[in-house]
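Trainee: This structure is in structure tokens; I'll ask about it shortly.
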Amino acid sequence: MTVVVSGVGVVLPRARSAPELMAPELMAPAADAPPVEPKDLVGRKGLRYKDRATQLAYCAADAALRHAGLLDDGGGLRVPGRSVAVVASSNYGNLDTICRAIDTIAEHTAAAGSAMDLPNASSNVIASSVAIRFGLRGPNLMLCNGATSGLDAVHWAATLIRGGRVPRALVLGVEPDNASVRAFTGGARTIDGAAALVVESEESAAERGASAPAVLGDYVRGAGLGRCLERLAAATGDRPALWQLPEQWQLPEQWQLPEQRTAAVPDTLLAGVARHDLGEVFGLGSGALGVLQCAAAVGWFARGGAGPVYATAGTDADDASAGIALRGRAAA
């Protein structure tokens, strides 16, 4: 079954659309890019007591669902709620809530904790809150599994569709920037934003008359980035025109395993293929990176680029790596 991308939402301080992810000349200068203000994008209603990651996810979800034509002018869903799954990815989404709760318990007691923080202490709060806000009643999954989390989320959304569970899914990747995250990352700044995709079966998009600018191709996951790329090339039968690089960032040394000490992408991998590193411009993507890479691939196609595009995550060590190939709809 062919799975297509029919909607994209990008909510970053320096970019608000897929083409901007691939067009530095369209982006706001770093000094002129204020933080995303969720109430300016989706209104104040429903934001109170929600953590920043959830608020950012609301914004990206709204943008992607509208782009896909799944929301009417009043924000109502145009398809049955049970026909839309939600698969979200974030590694640091509620880290600030957890740290605050731990500090409260350590300084006082568990009884001193805030009842308003309790729902946000669940790792699934992003996926569940987005589903409730937009009435999406299909399968609901939250992934928090490190570097490959975003690409894994895209894969599991496609798997739900190919398995006949739902005709379409909303995929979210979000990472907030706050003191707790910076303490964990050794001072690295995250994207402090979100990206979202609406993926659906080709038949579903055709029935709705929806445009589909990209097609999800093969997905591979395994040990080692180099081997992952070899498997992806064998599956697609073609070299990519563009390679979305994995995160070239390291955990602080005290958190690293010995095999993670060298995270840079070797020059020998896919030599001669154009490379694009989202982290250089937007900061640490972590669990949102894979979704953001797929959104950037759609932006590449929108600007006239020809596929395939490889989106990848992981390192060339023996830890987990993943990759997805995408093609422009006209070339599929």
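Ligands are numbered from 1 in the order shown, residues from 1 within each chain, and chains are lettered A, B, ... in the order they appear in the structure tokens.
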Could you go through region 61-275 of chain A and tell me which residues DSSP, when run on the backbone, assigns to strand (DSSP E), listing them as JSON, numbers by chain?

Mentor: {"A": [84, 85, 86, 87, 88, 89, 140, 141, 142, 143, 168, 169, 170, 171, 172, 173, 174, 175, 193, 194, 195, 196, 197, 198, 199, 200, 201, 214, 215, 216, 217, 218, 219, 220, 221, 222, 223, 242, 243, 244, 274, 275]}

Trainee: Please list as a short mmCIF file (atom, residue, chain, number, x, y, z; two decimals) with N, CA and C atoms, in the first residue's frame every residue within 9 Å of Val181 (chain A), counting only C-alpha atoms and excluding residues in the same chain fewer than 6 positions away.

Mentor:
data_model
loop_
_atom_site.label_atom_id
_atom_site.label_comp_id
_atom_site.auth_asym_id
_atom_site.auth_seq_id
_atom_site.Cartn_x
_atom_site.Cartn_y
_atom_site.Cartn_z
N TYR A 92 12.27 14.89 25.40
CA TYR A 92 12.37 15.81 26.53
C TYR A 92 11.06 16.51 26.85
N GLY A 93 9.97 16.06 26.24
CA GLY A 93 8.72 16.80 26.29
C GLY A 93 8.27 17.23 27.67
N LEU A 95 10.13 16.74 30.57
CA LEU A 95 11.26 16.66 31.49
C LEU A 95 11.17 17.73 32.58
N ASP A 96 10.72 18.94 32.21
CA ASP A 96 10.62 20.00 33.21
C ASP A 96 9.59 19.66 34.29
N GLY A 187 23.76 22.07 28.15
CA GLY A 187 23.64 23.44 27.66
C GLY A 187 23.17 23.57 26.24
N ALA A 188 23.01 22.46 25.52
CA ALA A 188 22.55 22.54 24.13
C ALA A 188 21.11 23.02 24.07
N ARG A 189 20.82 23.86 23.11
CA ARG A 189 19.46 24.38 22.92
C ARG A 189 18.71 23.49 21.93
N THR A 190 17.50 23.17 22.25
CA THR A 190 16.67 22.38 21.34
C THR A 190 15.99 23.31 20.34
#

Trainee: Sorted by chain and rising residue number, which residues of region 265-320 of chain A lie within 9 Å of region 147-170 of chain A, and what are their closest atom pairs and distances in Å to one decimal, counting only C-alpha atoms, as JSON lines?

Mentor:
{"residue": "A:Gly285", "atom": "CA", "partner": "A:Ala147", "partner_atom": "CA", "distance": 8.9}
{"residue": "A:Ser286", "atom": "CA", "partner": "A:Ala147", "partner_atom": "CA", "distance": 5.7}
{"residue": "A:Gly287", "atom": "CA", "partner": "A:Gly150", "partner_atom": "CA", "distance": 5.1}
{"residue": "A:Ala288", "atom": "CA", "partner": "A:Gly150", "partner_atom": "CA", "distance": 5.3}
{"residue": "A:Leu289", "atom": "CA", "partner": "A:Gly150", "partner_atom": "CA", "distance": 5.8}
{"residue": "A:Gly290", "atom": "CA", "partner": "A:Gly150", "partner_atom": "CA", "distance": 4.1}
{"residue": "A:Val291", "atom": "CA", "partner": "A:Gly150", "partner_atom": "CA", "distance": 5.2}
{"residue": "A:Leu292", "atom": "CA", "partner": "A:Gly150", "partner_atom": "CA", "distance": 8.1}
{"residue": "A:Gln293", "atom": "CA", "partner": "A:Leu151", "partner_atom": "CA", "distance": 8.6}
{"residue": "A:Cys294", "atom": "CA", "partner": "A:Leu151", "partner_atom": "CA", "distance": 8.4}
{"residue": "A:Ala311", "atom": "CA", "partner": "A:Leu151", "partner_atom": "CA", "distance": 7.9}
{"residue": "A:Thr312", "atom": "CA", "partner": "A:Leu151", "partner_atom": "CA", "distance": 7.6}
{"residue": "A:Ala313", "atom": "CA", "partner": "A:Thr148", "partner_atom": "CA", "distance": 5.3}
{"residue": "A:Gly314", "atom": "CA", "partner": "A:Ala147", "partner_atom": "CA", "distance": 5.7}
{"residue": "A:Thr315", "atom": "CA", "partner": "A:Ala147", "partner_atom": "CA", "distance": 8.9}
{"residue": "A:Ala320", "atom": "CA", "partner": "A:Thr148", "partner_atom": "CA", "distance": 7.3}

Trainee: Could you write those residues out with N, CA, C and O atoms, as a compact mmCIF listing (two decimals), in the first residue's frame?

Mentor:
# COMPACT_ATOMS: atom_id res chain seq x y z
N GLY A 285 17.31 18.61 17.60
CA GLY A 285 15.98 18.12 17.26
C GLY A 285 15.55 16.93 18.10
O GLY A 285 14.38 16.76 18.40
N SER A 286 16.48 16.05 18.44
CA SER A 286 16.22 14.87 19.26
C SER A 286 14.99 14.12 18.77
O SER A 286 14.93 13.71 17.63
N GLY A 287 13.98 13.95 19.62
CA GLY A 287 12.81 13.16 19.23
C GLY A 287 11.99 13.76 18.13
O GLY A 287 11.19 13.07 17.49
N ALA A 288 12.17 15.05 17.86
CA ALA A 288 11.42 15.70 16.79
C ALA A 288 12.16 15.65 15.45
O ALA A 288 11.57 15.93 14.40
N LEU A 289 13.43 15.26 15.47
CA LEU A 289 14.26 15.39 14.28
C LEU A 289 13.71 14.64 13.08
O LEU A 289 13.61 15.19 11.98
N GLY A 290 13.34 13.36 13.25
CA GLY A 290 12.88 12.58 12.12
C GLY A 290 11.64 13.16 11.45
O GLY A 290 11.53 13.16 10.22
N VAL A 291 10.71 13.65 12.26
CA VAL A 291 9.50 14.27 11.70
C VAL A 291 9.88 15.56 10.97
O VAL A 291 9.38 15.85 9.88
N LEU A 292 10.79 16.32 11.57
CA LEU A 292 11.25 17.56 10.96
C LEU A 292 11.97 17.28 9.64
O LEU A 292 11.81 18.02 8.66
N GLN A 293 12.75 16.20 9.58
CA GLN A 293 13.45 15.84 8.35
C GLN A 293 12.45 15.51 7.23
O GLN A 293 12.66 15.90 6.07
N CYS A 294 11.40 14.79 7.57
CA CYS A 294 10.40 14.45 6.56
C CYS A 294 9.67 15.70 6.08
O CYS A 294 9.37 15.84 4.89
N ALA A 311 16.08 10.49 4.94
CA ALA A 311 16.04 11.07 6.28
C ALA A 311 16.62 10.03 7.22
O ALA A 311 16.18 8.87 7.21
N THR A 312 17.61 10.40 8.03
CA THR A 312 18.31 9.41 8.84
C THR A 312 18.54 9.91 10.26
O THR A 312 18.58 11.12 10.52
N ALA A 313 18.70 8.96 11.16
CA ALA A 313 18.99 9.27 12.56
C ALA A 313 19.90 8.19 13.12
O ALA A 313 19.84 7.04 12.69
N GLY A 314 20.75 8.56 14.07
CA GLY A 314 21.66 7.60 14.67
C GLY A 314 23.09 7.94 14.34
O GLY A 314 23.40 8.97 13.75
N THR A 315 24.03 7.07 14.73
CA THR A 315 25.45 7.30 14.50
C THR A 315 26.05 6.10 13.75
O THR A 315 25.38 5.10 13.52
N ALA A 320 21.57 2.04 17.70
CA ALA A 320 20.47 2.02 16.74
C ALA A 320 20.52 3.20 15.78
O ALA A 320 20.76 4.34 16.19

Trainee: Any idea what's packed within 12 Å of region 129-131 of chain A, counting only C-alpha atoms, ignoring anything in its chain fewer than 3 positions away? Could you give it as a PyMOL selection string?

Mentor: chain A and resi 46-47+49-51+53-62+65+77+81-88+119-120+122-126+134-142+169-172+196

Trainee: May I have the selected residues written with N, CA and C atoms, as a short mmCIF file (atom, residue, chain, number, x, y, z; two decimals), in the first residue's frame?

Mentor:
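Saved result, selection-v5.cif, follows:
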data_model
loop_
_atom_site.label_atom_id
_atom_site.label_comp_id
_atom_site.auth_asym_id
_atom_site.auth_seq_id
_atom_site.Cartn_x
_atom_site.Cartn_y
_atom_site.Cartn_z
N GLY A 46 -7.80 26.31 26.12
CA GLY A 46 -7.22 24.98 26.27
C GLY A 46 -5.74 24.94 26.55
N LEU A 47 -5.07 26.10 26.65
CA LEU A 47 -3.63 26.12 26.87
C LEU A 47 -3.25 26.13 28.35
N TYR A 49 -2.47 25.30 31.99
CA TYR A 49 -1.99 24.09 32.68
C TYR A 49 -1.36 23.06 31.73
N LYS A 50 -1.23 23.38 30.45
CA LYS A 50 -0.54 22.49 29.52
C LYS A 50 0.93 22.87 29.46
N ASP A 51 1.81 21.86 29.44
CA ASP A 51 3.23 22.17 29.35
C ASP A 51 3.57 22.69 27.96
N ALA A 53 5.63 21.71 25.64
CA ALA A 53 5.69 20.73 24.55
C ALA A 53 4.29 20.45 24.00
N THR A 54 3.31 20.31 24.87
CA THR A 54 1.95 20.05 24.43
C THR A 54 1.39 21.26 23.68
N GLN A 55 1.66 22.44 24.18
CA GLN A 55 1.19 23.65 23.49
C GLN A 55 1.78 23.77 22.09
N LEU A 56 3.07 23.49 21.97
CA LEU A 56 3.72 23.52 20.64
C LEU A 56 3.14 22.45 19.73
N ALA A 57 2.85 21.28 20.30
CA ALA A 57 2.26 20.21 19.50
C ALA A 57 0.88 20.62 18.99
N TYR A 58 0.09 21.31 19.82
CA TYR A 58 -1.21 21.81 19.36
C TYR A 58 -1.05 22.65 18.10
N CYS A 59 -0.05 23.53 18.11
CA CYS A 59 0.14 24.45 16.99
C CYS A 59 0.52 23.70 15.71
N ALA A 60 1.47 22.76 15.83
CA ALA A 60 1.89 22.01 14.65
C ALA A 60 0.77 21.11 14.14
N ALA A 61 0.04 20.50 15.07
CA ALA A 61 -1.07 19.64 14.66
C ALA A 61 -2.13 20.42 13.92
N ASP A 62 -2.48 21.59 14.44
CA ASP A 62 -3.48 22.44 13.79
C ASP A 62 -3.04 22.80 12.37
N LEU A 65 -3.13 19.54 10.07
CA LEU A 65 -4.50 19.10 9.77
C LEU A 65 -5.19 20.06 8.80
N LEU A 77 -13.42 18.64 12.68
CA LEU A 77 -12.83 17.57 11.88
C LEU A 77 -13.77 17.17 10.75
N GLY A 81 -13.58 10.81 13.57
CA GLY A 81 -12.47 10.84 14.51
C GLY A 81 -11.73 9.53 14.59
N ARG A 82 -12.45 8.40 14.46
CA ARG A 82 -11.82 7.09 14.55
C ARG A 82 -10.93 6.78 13.35
N SER A 83 -11.00 7.61 12.32
CA SER A 83 -10.19 7.35 11.12
C SER A 83 -8.82 8.00 11.20
N VAL A 84 -8.50 8.67 12.30
CA VAL A 84 -7.22 9.37 12.42
C VAL A 84 -6.47 8.90 13.66
N ALA A 85 -5.30 8.34 13.46
CA ALA A 85 -4.42 7.95 14.57
C ALA A 85 -3.51 9.12 14.92
N VAL A 86 -2.94 9.06 16.10
CA VAL A 86 -1.93 10.04 16.53
C VAL A 86 -0.69 9.27 16.97
N VAL A 87 0.46 9.63 16.39
CA VAL A 87 1.73 9.06 16.80
C VAL A 87 2.67 10.23 17.07
N ALA A 88 3.08 10.39 18.31
CA ALA A 88 3.92 11.53 18.70
C ALA A 88 5.28 11.07 19.16
N PRO A 119 -1.31 15.36 35.27
CA PRO A 119 -1.48 14.83 33.91
C PRO A 119 -0.23 15.01 33.05
N ASN A 120 0.51 16.10 33.28
CA ASN A 120 1.70 16.37 32.48
C ASN A 120 2.87 15.48 32.84
N SER A 122 2.81 12.29 32.75
CA SER A 122 2.76 11.10 31.89
C SER A 122 3.48 11.38 30.58
N SER A 123 4.32 10.44 30.16
CA SER A 123 5.04 10.62 28.90
C SER A 123 4.10 10.73 27.72
N ASN A 124 2.92 10.15 27.84
CA ASN A 124 1.96 10.14 26.74
C ASN A 124 1.11 11.41 26.67
N VAL A 125 1.41 12.41 27.50
CA VAL A 125 0.54 13.58 27.59
C VAL A 125 0.42 14.30 26.25
N ILE A 126 1.48 14.34 25.46
CA ILE A 126 1.43 15.07 24.19
C ILE A 126 0.45 14.39 23.23
N PHE A 134 -8.41 17.64 19.23
CA PHE A 134 -8.91 17.63 17.85
C PHE A 134 -9.89 16.50 17.57
N GLY A 135 -10.22 15.73 18.58
CA GLY A 135 -11.21 14.66 18.40
C GLY A 135 -10.71 13.50 17.58
N LEU A 136 -9.42 13.19 17.70
CA LEU A 136 -8.80 12.11 16.93
C LEU A 136 -8.87 10.84 17.77
N ARG A 137 -9.72 9.91 17.38
CA ARG A 137 -10.05 8.77 18.25
C ARG A 137 -9.46 7.45 17.76
N GLY A 138 -8.54 7.52 16.80
CA GLY A 138 -7.86 6.31 16.35
C GLY A 138 -6.77 5.90 17.32
N PRO A 139 -5.94 4.92 16.95
CA PRO A 139 -4.83 4.49 17.81
C PRO A 139 -3.96 5.68 18.23
N ASN A 140 -3.45 5.61 19.45
CA ASN A 140 -2.70 6.72 20.03
C ASN A 140 -1.40 6.20 20.61
N LEU A 141 -0.27 6.66 20.05
CA LEU A 141 1.04 6.17 20.47
C LEU A 141 1.97 7.33 20.78
N MET A 142 2.85 7.11 21.76
CA MET A 142 3.88 8.09 22.10
C MET A 142 5.23 7.38 22.13
N ALA A 169 -3.05 9.17 9.61
CA ALA A 169 -2.48 9.39 10.94
C ALA A 169 -1.81 10.75 10.99
N LEU A 170 -1.86 11.35 12.17
CA LEU A 170 -1.14 12.59 12.46
C LEU A 170 0.13 12.21 13.20
N VAL A 171 1.29 12.59 12.65
CA VAL A 171 2.58 12.31 13.27
C VAL A 171 3.16 13.61 13.80
N LEU A 172 3.58 13.60 15.05
CA LEU A 172 4.09 14.81 15.70
C LEU A 172 5.51 14.58 16.22
N ALA A 196 4.77 18.51 12.28
CA ALA A 196 3.70 17.51 12.18
C ALA A 196 3.50 17.12 10.73
#

Trainee: Excluding same-chain residues fewer than 6 positions from Leu232 (chain A), what lies within 12 Å of it counting only C-alpha atoms, as number ranges by chain?

Mentor: A: 217-222, 225-226, 238-240, 243, 270, 308-312, 321-326

Trainee: Nearest to Asp177 (chain A) among A:Ala271, A:Val215, A:Ala297, A:Leu12, with distances taken over only C-alpha atoms: which residue is it?

Mentor: A:Leu12

Trainee: Which residue is closest to Val8 (chain A)? Choose from A:Ala64, A:Ile132, A:Ala206, A:Ala195 and count only C-alpha atoms.

Mentor: A:Ala64

Trainee: From a backbone DSSP assignment, name each residue in region 35-109 of chain A labelled helix (DSSP H, G or I), as a PyMOL selection string.

Mentor: chain A and resi 38-42+52-67+81-83+95-107

Trainee: Store the residues picked out above, limited to N, CA, C and O atoms, as a compact mmCIF listing (two decimals), in the first residue's frame.

Mentor:
# COMPACT_ATOMS: atom_id res chain seq x y z
N PRO A 38 2.26 30.12 21.43
CA PRO A 38 1.12 29.28 21.03
C PRO A 38 -0.21 30.01 20.98
O PRO A 38 -1.01 29.77 20.08
N LYS A 39 -0.47 30.92 21.91
CA LYS A 39 -1.77 31.59 21.93
C LYS A 39 -1.99 32.43 20.68
O LYS A 39 -3.13 32.66 20.27
N ASP A 40 -0.90 32.87 20.05
CA ASP A 40 -1.03 33.65 18.83
C ASP A 40 -1.40 32.77 17.63
O ASP A 40 -1.90 33.28 16.62
N LEU A 41 -1.17 31.48 17.75
CA LEU A 41 -1.43 30.57 16.63
C LEU A 41 -2.73 29.80 16.78
O LEU A 41 -3.42 29.54 15.79
N VAL A 42 -3.06 29.40 18.00
CA VAL A 42 -4.27 28.58 18.20
C VAL A 42 -5.23 29.18 19.22
O VAL A 42 -6.23 28.54 19.57
N ARG A 52 4.77 23.25 27.83
CA ARG A 52 5.12 23.91 26.56
C ARG A 52 5.15 22.92 25.40
O ARG A 52 4.72 23.24 24.29
N ALA A 53 5.63 21.71 25.64
CA ALA A 53 5.69 20.73 24.55
C ALA A 53 4.29 20.45 24.00
O ALA A 53 4.09 20.38 22.78
N THR A 54 3.31 20.31 24.87
CA THR A 54 1.95 20.05 24.43
C THR A 54 1.39 21.26 23.68
O THR A 54 0.72 21.10 22.65
N GLN A 55 1.66 22.44 24.18
CA GLN A 55 1.19 23.65 23.49
C GLN A 55 1.78 23.77 22.09
O GLN A 55 1.08 24.10 21.13
N LEU A 56 3.07 23.49 21.97
CA LEU A 56 3.72 23.52 20.64
C LEU A 56 3.14 22.45 19.73
O LEU A 56 2.95 22.68 18.53
N ALA A 57 2.85 21.28 20.30
CA ALA A 57 2.26 20.21 19.50
C ALA A 57 0.88 20.62 18.99
O ALA A 57 0.51 20.28 17.85
N TYR A 58 0.09 21.31 19.82
CA TYR A 58 -1.21 21.81 19.36
C TYR A 58 -1.05 22.65 18.10
O TYR A 58 -1.82 22.52 17.14
N CYS A 59 -0.05 23.53 18.11
CA CYS A 59 0.14 24.45 16.99
C CYS A 59 0.52 23.70 15.71
O CYS A 59 -0.02 23.98 14.63
N ALA A 60 1.47 22.76 15.83
CA ALA A 60 1.89 22.01 14.65
C ALA A 60 0.77 21.11 14.14
O ALA A 60 0.58 20.96 12.92
N ALA A 61 0.04 20.50 15.07
CA ALA A 61 -1.07 19.64 14.66
C ALA A 61 -2.13 20.42 13.92
O ALA A 61 -2.65 19.99 12.88
N ASP A 62 -2.48 21.59 14.44
CA ASP A 62 -3.48 22.44 13.79
C ASP A 62 -3.04 22.80 12.37
O ASP A 62 -3.82 22.72 11.42
N ALA A 63 -1.77 23.19 12.23
CA ALA A 63 -1.26 23.58 10.91
C ALA A 63 -1.28 22.40 9.93
O ALA A 63 -1.67 22.55 8.76
N ALA A 64 -0.87 21.21 10.39
CA ALA A 64 -0.82 20.05 9.50
C ALA A 64 -2.22 19.58 9.10
O ALA A 64 -2.48 19.24 7.94
N LEU A 65 -3.13 19.54 10.07
CA LEU A 65 -4.50 19.10 9.77
C LEU A 65 -5.19 20.06 8.80
O LEU A 65 -5.94 19.63 7.92
N ARG A 66 -4.93 21.35 8.97
CA ARG A 66 -5.51 22.33 8.03
C ARG A 66 -4.88 22.19 6.65
O ARG A 66 -5.58 22.27 5.63
N HIS A 67 -3.57 22.00 6.61
CA HIS A 67 -2.89 21.84 5.32
C HIS A 67 -3.42 20.62 4.57
O HIS A 67 -3.54 20.63 3.34
N GLY A 81 -13.58 10.81 13.57
CA GLY A 81 -12.47 10.84 14.51
C GLY A 81 -11.73 9.53 14.59
O GLY A 81 -10.50 9.49 14.74
N ARG A 82 -12.45 8.40 14.46
CA ARG A 82 -11.82 7.09 14.55
C ARG A 82 -10.93 6.78 13.35
O ARG A 82 -10.19 5.79 13.35
N SER A 83 -11.00 7.61 12.32
CA SER A 83 -10.19 7.35 11.12
C SER A 83 -8.82 8.00 11.20
O SER A 83 -8.04 7.89 10.26
N LEU A 95 10.13 16.74 30.57
CA LEU A 95 11.26 16.66 31.49
C LEU A 95 11.17 17.73 32.58
O LEU A 95 11.49 17.48 33.74
N ASP A 96 10.72 18.94 32.21
CA ASP A 96 10.62 20.00 33.21
C ASP A 96 9.59 19.66 34.29
O ASP A 96 9.79 19.92 35.47
N THR A 97 8.48 19.04 33.88
CA THR A 97 7.46 18.64 34.85
C THR A 97 8.01 17.59 35.81
O THR A 97 7.80 17.66 37.03
N ILE A 98 8.71 16.61 35.27
CA ILE A 98 9.28 15.54 36.11
C ILE A 98 10.30 16.11 37.08
O ILE A 98 10.30 15.77 38.28
N CYS A 99 11.18 16.97 36.59
CA CYS A 99 12.19 17.57 37.47
C CYS A 99 11.55 18.40 38.57
O CYS A 99 11.98 18.37 39.73
N ARG A 100 10.52 19.15 38.21
CA ARG A 100 9.82 19.97 39.22
C ARG A 100 9.17 19.09 40.28
O ARG A 100 9.21 19.40 41.47
N ALA A 101 8.56 17.99 39.85
CA ALA A 101 7.92 17.09 40.80
C ALA A 101 8.94 16.44 41.73
O ALA A 101 8.71 16.33 42.95
N ILE A 102 10.08 16.04 41.17
CA ILE A 102 11.13 15.43 41.99
C ILE A 102 11.67 16.43 43.02
O ILE A 102 11.88 16.09 44.20
N ASP A 103 11.89 17.67 42.58
CA ASP A 103 12.38 18.69 43.50
C ASP A 103 11.39 18.95 44.62
O ASP A 103 11.78 19.12 45.79
N THR A 104 10.11 18.98 44.28
CA THR A 104 9.07 19.21 45.29
C THR A 104 9.04 18.09 46.32
O THR A 104 8.96 18.33 47.53
N ILE A 105 9.11 16.86 45.83
CA ILE A 105 9.10 15.71 46.74
C ILE A 105 10.35 15.72 47.64
O ILE A 105 10.27 15.44 48.84
N ALA A 106 11.50 16.05 47.05
CA ALA A 106 12.75 16.05 47.82
C ALA A 106 12.75 17.14 48.88
O ALA A 106 13.24 16.93 50.01
N GLU A 107 12.21 18.32 48.56
CA GLU A 107 12.22 19.44 49.49
C GLU A 107 11.08 19.40 50.49
O GLU A 107 11.22 19.91 51.61

Trainee: How far is it from CA of Val36 (chain A) to CA of Glu200 (chain A), in Å with one decimal?

Mentor: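 Interatomic distance, CA of Val36 (chain A) to CA of Glu200 (chain A): 28.1 Å.
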